[in-house]
Each structure stands twice: as structure tokens, then as C-alpha cells.
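**Student:** Please find one structure pasted underneath; my questions will follow.
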Amino acid sequence: MAFVLIHGASFGANCWDELIPHLRSEALAVDLPGHGSRTGADLGSVTLADCADAVREDMEAKDLRDVVLVGHSFAGVTIPRVLDLVPDRIRHVVLVSAVVPPDGTRVLDQIDPGVRDLVEQSIADGVYHQTREGAAAMLCNDMDEATTSSTLDLLADDSAALLRETVDLSGYRRQIPRTYVHLTRDQCYVEELQQRSMALLRPDVIDLDTGHMAMISAPERLAAVLNAIHG
């Protein structure tokens with residue numbers, strides 16, 4: 001049994017580094033195309049299918065089965081594609097403040113208008129680039145100064161095309177148990193949008209009193225939730 005961890009936009013697999021030591025089972029943090037071990041990918045052409053393939057590739061390389069698949073933020077639109085690729089390897093899905101817009105829509109159309117304005121201002125030449133100032137406001141509201149600085153040091157450019165691609169949520173129709181970790185102080189994927197995602201998925205829900213980057217600001221508490229789900 002293992003955890004497979006999928007990061008959100010503007011981060012790589014290293015965003016899970018504070019969390020992993022607190023997990024009670026093997027954990028694989030995947031770098032999606034354009035990040036970390038996959039930095040050679042052309043950000044302007046990355047698709048959600050490419051992201052799902054990266055997760056499948058890493059899971060199969062380690063022959064991981066009976067997996068608790070954990071997705072943060074933007075990974076909410078990658079996970080259903082993973083579920084369609086390797087459903088027999090996944091035991092439970094955990095969505096941490098995960099973006100799950102209505103099927104057939106674009107992520108960019110569904111996010112909070114204030115956040116969307118910041119996102120659109122951060123796109124140039126097919127690349128989504130968050131400034132430290134904007135990211136601090138959205139992502140670090142529950143962190144001290146030192147943790148905020150180290151979190152912002154992890155920021156990476158991402159594919160703007162992913163924000164504009166039509167999402168395919170058909171994988172969520174599979175009868176695989178799922179839990180949504182509702183982050184009650186999240187200023188990035190705000191309360192209304194988390195509630196919409198939960199209404200679409202009808203998951204079990206666990207509240208966590210943190211901001212958007214719970215794996216960094218509260219790694220022990222998030223790990224406790226994941227360990228309890230893992231069993």
C-alpha cells in the first residue's frame with residue numbers, strides 16, 4: 001500500500017517534502033510535465049492527458065497498487081484521467097482543496113473572479129507565472145514569515161493551456177471511494193468553490209483549519225488525515 005501525491009499548479013513534487021516524513025506508508029510524489037524531473041517538457045503544449053500519463057508512468061515504474069491517490073488544488077482535474085488509466089491500482093482518492101469544475105468547462109472560467117484576474121495577469125506566451133506577492137496573498141495566509149519565504153521559493157512556471165483546456169471528469173464516475181479535505185482558511189480556492197466541488201463529487205468531507213498549502217503549513221495535521229484514511 002502506498003500514497004501517490006499529485007501537486008497543483010505552480011509547484012512540483014517537492015511541495016510535499018514537509019508532509020512525507022509524517023506518512024506511515026511509502027509515498028511517491030509525482031512531478032507533472034514541466035516540473036522537477038520533467039522540466040524538459042514544453043509548458044506551452046502540456047495537456048491534462050500528459051499530466052495523467054506522468055502519474056501512470058511513475059506508478060507503473062514502481063508497480064504501486066492499492067494506492068491512496070492524493071491530489072492538491074489543480075490536480076483535481078488530473079485525477080479523473082488517472083482513474084481512467086489505472087483504476088485497478090487505486091483504492092481511495094483524496095482531494096485536498098481540489099479544483100473540480102463542472103464537466104466540459106474550463107478551470108479558468110470557474111475560479112473566483114478576484115483570483116481569476118490575478119491568474120490572467122500572470123499569463124504570457126502560454127506560460128502561467130505567479131509573482132511572489134500574488135502567491136503570498138493567495139497561498140500563505142496561515143504561515144509565518146519564514147515558512148512563507150520558503151514556500152515562495154518553490155514557485156515554478158506552469159502551462160497556461162491547462163487552465164484553458166476543457167476538463168473531462170468521466171473518471172469520477174468510477175466507484176472508487178473518495179474524500180475531500182476542505183481547507184477552511186483557503187484564500188486561493190475559496191469556500192464557495194470548494195463547496196461547488198464537493199457538491200459535484202459527493203465525497204466524504206474532512207475539515208482542516210488551514211490555508212491552501214496545508215502540506216507545508218500544517219504537514220502533521222494533513223498527514224494525520226491521510227494516515228487515518230490509509231488505515
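Following the order of the C-alpha cells, chains are lettered A, B, ..., residues in each are numbered from 1, and ligands are numbered from 1.
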Would you kindly return, as a tab-separated table (two decimals) with N, CA and C atoms, in the first residue's frame, each protein, DNA or RNA residue with an atom no farther than 8 Å from any atom of Ala52 in chain A, considering only C-alpha atoms and excluding same-chain residues fewer than 6 positions away?

**Tutor:**
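Written output follows (around-v5.tsv):
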```
chain	number	residue	atom	x	y	z
A	78	THR	N	-6.72	16.46	-12.99
A	78	THR	CA	-5.85	15.39	-13.48
A	78	THR	C	-6.30	14.04	-12.96
A	79	ILE	N	-6.75	13.99	-11.72
A	79	ILE	CA	-7.11	12.73	-11.08
A	79	ILE	C	-8.13	11.91	-11.87
A	81	ARG	N	-8.60	11.57	-14.95
A	81	ARG	CA	-7.92	10.93	-16.09
A	81	ARG	C	-7.03	9.79	-15.60
A	82	VAL	N	-6.41	9.96	-14.43
A	82	VAL	CA	-5.63	8.87	-13.85
A	82	VAL	C	-6.54	7.70	-13.50
A	85	LEU	N	-7.07	5.63	-16.41
A	85	LEU	CA	-5.88	4.92	-16.92
A	85	LEU	C	-5.53	3.71	-16.07
```

**Student:** Write out as CSV the residues of range 62-95 of chain A that have any atom within 12 Å of an atom of range 107-111 of chain A, one row each with the nearest atom pair and its distance in Å to one decimal, counting only C-alpha atoms, sorted by chain and then rising number.

**Tutor:**
```
residue,atom,partner,partner_atom,distance
A:Ser73,CA,A:Val107,CA,11.0
A:Phe74,CA,A:Val107,CA,8.5
A:Ala75,CA,A:Val107,CA,11.2
A:Gly76,CA,A:Val107,CA,10.1
A:Val77,CA,A:Val107,CA,8.5
A:Thr78,CA,A:Val107,CA,11.6
```

**Student:** Please write the residues from the selection above to a file, keeping C-alpha atoms, as an mmCIF file, in the first residue's frame.

**Tutor:**
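Produced file result-v2.cif, reproduced below:
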```
data_model
loop_
_atom_site.group_PDB
_atom_site.id
_atom_site.type_symbol
_atom_site.label_atom_id
_atom_site.label_comp_id
_atom_site.auth_asym_id
_atom_site.auth_seq_id
_atom_site.Cartn_x
_atom_site.Cartn_y
_atom_site.Cartn_z
ATOM 1 C CA SER A 73 -5.656 22.016 -5.915
ATOM 2 C CA PHE A 74 -5.370 21.832 -9.735
ATOM 3 C CA ALA A 75 -4.736 18.079 -9.505
ATOM 4 C CA GLY A 76 -8.498 17.752 -9.162
ATOM 5 C CA VAL A 77 -8.757 17.780 -12.959
ATOM 6 C CA THR A 78 -5.845 15.393 -13.476
#
```

**Student:** At a cut-off of 9 Å, using only C-alpha atoms, what residues contact range 61-64 of chain A? Leave out same-chain residues fewer than 2 positions from it and give the result as a ChimeraX atom specification.

**Tutor:** /A:1-4,56-59,66-67,89-90

**Student:** Got time to write the residues from that selection, N, CA and C atoms, as a PDB file, in the first residue's frame?

**Tutor:**
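Result saved to again_26.pdb:
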```pdb
ATOM      1  N   MET A   1       0.841  -1.190   0.000  1.00  0.00           N
ATOM      2  CA  MET A   1       0.000   0.000   0.000  1.00  0.00           C
ATOM      3  C   MET A   1       0.876   1.239   0.000  1.00  0.00           C
ATOM      4  N   ALA A   2       0.462   2.259  -0.715  1.00  0.00           N
ATOM      5  CA  ALA A   2       1.295   3.458  -0.854  1.00  0.00           C
ATOM      6  C   ALA A   2       0.423   4.679  -1.083  1.00  0.00           C
ATOM      7  N   PHE A   3       1.009   5.834  -0.807  1.00  0.00           N
ATOM      8  CA  PHE A   3       0.416   7.107  -1.193  1.00  0.00           C
ATOM      9  C   PHE A   3       1.066   7.563  -2.500  1.00  0.00           C
ATOM     10  N   VAL A   4       0.254   8.095  -3.398  1.00  0.00           N
ATOM     11  CA  VAL A   4       0.768   8.783  -4.584  1.00  0.00           C
ATOM     12  C   VAL A   4       0.251  10.209  -4.508  1.00  0.00           C
ATOM     13  N   ARG A  56       0.594   7.913 -14.232  1.00  0.00           N
ATOM     14  CA  ARG A  56       0.534   6.481 -14.558  1.00  0.00           C
ATOM     15  C   ARG A  56       1.934   5.906 -14.725  1.00  0.00           C
ATOM     16  N   GLU A  57       2.785   6.636 -15.433  1.00  0.00           N
ATOM     17  CA  GLU A  57       4.145   6.166 -15.700  1.00  0.00           C
ATOM     18  C   GLU A  57       4.906   5.919 -14.398  1.00  0.00           C
ATOM     19  N   ASP A  58       4.808   6.854 -13.459  1.00  0.00           N
ATOM     20  CA  ASP A  58       5.542   6.713 -12.198  1.00  0.00           C
ATOM     21  C   ASP A  58       4.966   5.593 -11.339  1.00  0.00           C
ATOM     22  N   MET A  59       3.649   5.453 -11.346  1.00  0.00           N
ATOM     23  CA  MET A  59       3.026   4.368 -10.577  1.00  0.00           C
ATOM     24  C   MET A  59       3.416   3.004 -11.138  1.00  0.00           C
ATOM     25  N   ASP A  66      -2.993  -0.761  -4.787  1.00  0.00           N
ATOM     26  CA  ASP A  66      -3.714  -0.455  -3.550  1.00  0.00           C
ATOM     27  C   ASP A  66      -3.353   0.952  -3.074  1.00  0.00           C
ATOM     28  N   VAL A  67      -3.358   1.888  -4.000  1.00  0.00           N
ATOM     29  CA  VAL A  67      -2.841   3.242  -3.789  1.00  0.00           C
ATOM     30  C   VAL A  67      -3.907   4.161  -3.201  1.00  0.00           C
ATOM     31  N   ARG A  89      -5.388   0.051  -9.786  1.00  0.00           N
ATOM     32  CA  ARG A  89      -4.285   0.311  -8.854  1.00  0.00           C
ATOM     33  C   ARG A  89      -4.689   1.243  -7.708  1.00  0.00           C
ATOM     34  N   ILE A  90      -5.880   1.790  -7.733  1.00  0.00           N
ATOM     35  CA  ILE A  90      -6.255   2.853  -6.798  1.00  0.00           C
ATOM     36  C   ILE A  90      -7.351   2.374  -5.850  1.00  0.00           C
TER      37      ILE A  90
END
```

**Student:** Could you give me, as CSV, every range 11-32 of chain A residue with an atom at most 10 Å from range 37-45 of chain A, plus its closest atom pair and distance in Å to one decimal, counting only C-alpha atoms, rows ordered by chain then number?

**Tutor:**
```
residue,atom,partner,partner_atom,distance
A:Gly12,CA,A:Ser37,CA,9.0
A:Ala13,CA,A:Ser37,CA,8.9
A:Val30,CA,A:Ser37,CA,8.9
A:Asp31,CA,A:Ser37,CA,6.2
A:Leu32,CA,A:Arg38,CA,6.6
```

**Student:** Write the residues of the selection above to a file with all heavy atoms, as a PDB file, in the first residue's frame.

**Tutor:**
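Final output, selection_31.pdb:
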```pdb
ATOM      1  N   GLY A  12       5.997  21.811  -7.815  1.00  0.00           N
ATOM      2  CA  GLY A  12       6.412  20.484  -8.233  1.00  0.00           C
ATOM      3  C   GLY A  12       6.260  19.513  -7.097  1.00  0.00           C
ATOM      4  O   GLY A  12       5.692  19.822  -6.041  1.00  0.00           O
ATOM      5  N   ALA A  13       6.802  18.321  -7.288  1.00  0.00           N
ATOM      6  CA  ALA A  13       6.683  17.271  -6.288  1.00  0.00           C
ATOM      7  C   ALA A  13       7.297  17.670  -4.952  1.00  0.00           C
ATOM      8  O   ALA A  13       6.893  17.165  -3.897  1.00  0.00           O
ATOM      9  CB  ALA A  13       7.349  15.989  -6.806  1.00  0.00           C
ATOM     10  N   VAL A  30       4.782  12.803  -7.420  1.00  0.00           N
ATOM     11  CA  VAL A  30       4.971  12.835  -8.871  1.00  0.00           C
ATOM     12  C   VAL A  30       5.261  14.265  -9.333  1.00  0.00           C
ATOM     13  O   VAL A  30       4.579  15.212  -8.920  1.00  0.00           O
ATOM     14  CB  VAL A  30       3.714  12.310  -9.588  1.00  0.00           C
ATOM     15  CG1 VAL A  30       3.866  12.422 -11.108  1.00  0.00           C
ATOM     16  CG2 VAL A  30       3.424  10.871  -9.178  1.00  0.00           C
ATOM     17  N   ASP A  31       6.256  14.405 -10.200  1.00  0.00           N
ATOM     18  CA  ASP A  31       6.465  15.668 -10.914  1.00  0.00           C
ATOM     19  C   ASP A  31       5.661  15.619 -12.201  1.00  0.00           C
ATOM     20  O   ASP A  31       5.867  14.736 -13.051  1.00  0.00           O
ATOM     21  CB  ASP A  31       7.946  15.848 -11.274  1.00  0.00           C
ATOM     22  CG  ASP A  31       8.758  16.478 -10.168  1.00  0.00           C
ATOM     23  OD1 ASP A  31       8.286  17.475  -9.588  1.00  0.00           O
ATOM     24  OD2 ASP A  31       9.857  15.973  -9.874  1.00  0.00           O
ATOM     25  N   LEU A  32       4.744  16.560 -12.361  1.00  0.00           N
ATOM     26  CA  LEU A  32       3.998  16.650 -13.616  1.00  0.00           C
ATOM     27  C   LEU A  32       4.870  17.321 -14.682  1.00  0.00           C
ATOM     28  O   LEU A  32       5.890  17.955 -14.365  1.00  0.00           O
ATOM     29  CB  LEU A  32       2.705  17.434 -13.395  1.00  0.00           C
ATOM     30  CG  LEU A  32       1.728  16.807 -12.397  1.00  0.00           C
ATOM     31  CD1 LEU A  32       0.468  17.665 -12.284  1.00  0.00           C
ATOM     32  CD2 LEU A  32       1.361  15.365 -12.785  1.00  0.00           C
TER      33      LEU A  32
END
```

**Student:** Running DSSP on the backbone, which parts of range 28-124 of chain A land in helix (DSSP H, G or I), as an MDAnalysis selection string?

**Tutor:** chainID A and resid 36:38 43:45 48:61 73:77 79:85 87:89 107:110 113:121

**Student:** Select, from A:Val99, A:Val94, A:Ile206, A:Leu28, the residue with the minimum atom-to-atom distance to Val70 in chain A, counting only C-alpha atoms.

**Tutor:**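 Going through A:Val99, A:Val94, A:Ile206, A:Leu28 one by one, the smallest distance to Val70 in chain A is for A:Val94.
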
**Student:** Write out as a list in words the residues lying within 6 Å of Pro80 in chain A, counting only C-alpha atoms and excluding same-chain residues fewer than 3 positions away.

**Tutor:**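 My list of contacting residues is Leu83, Leu169, Gly171 and Tyr172 of chain A.
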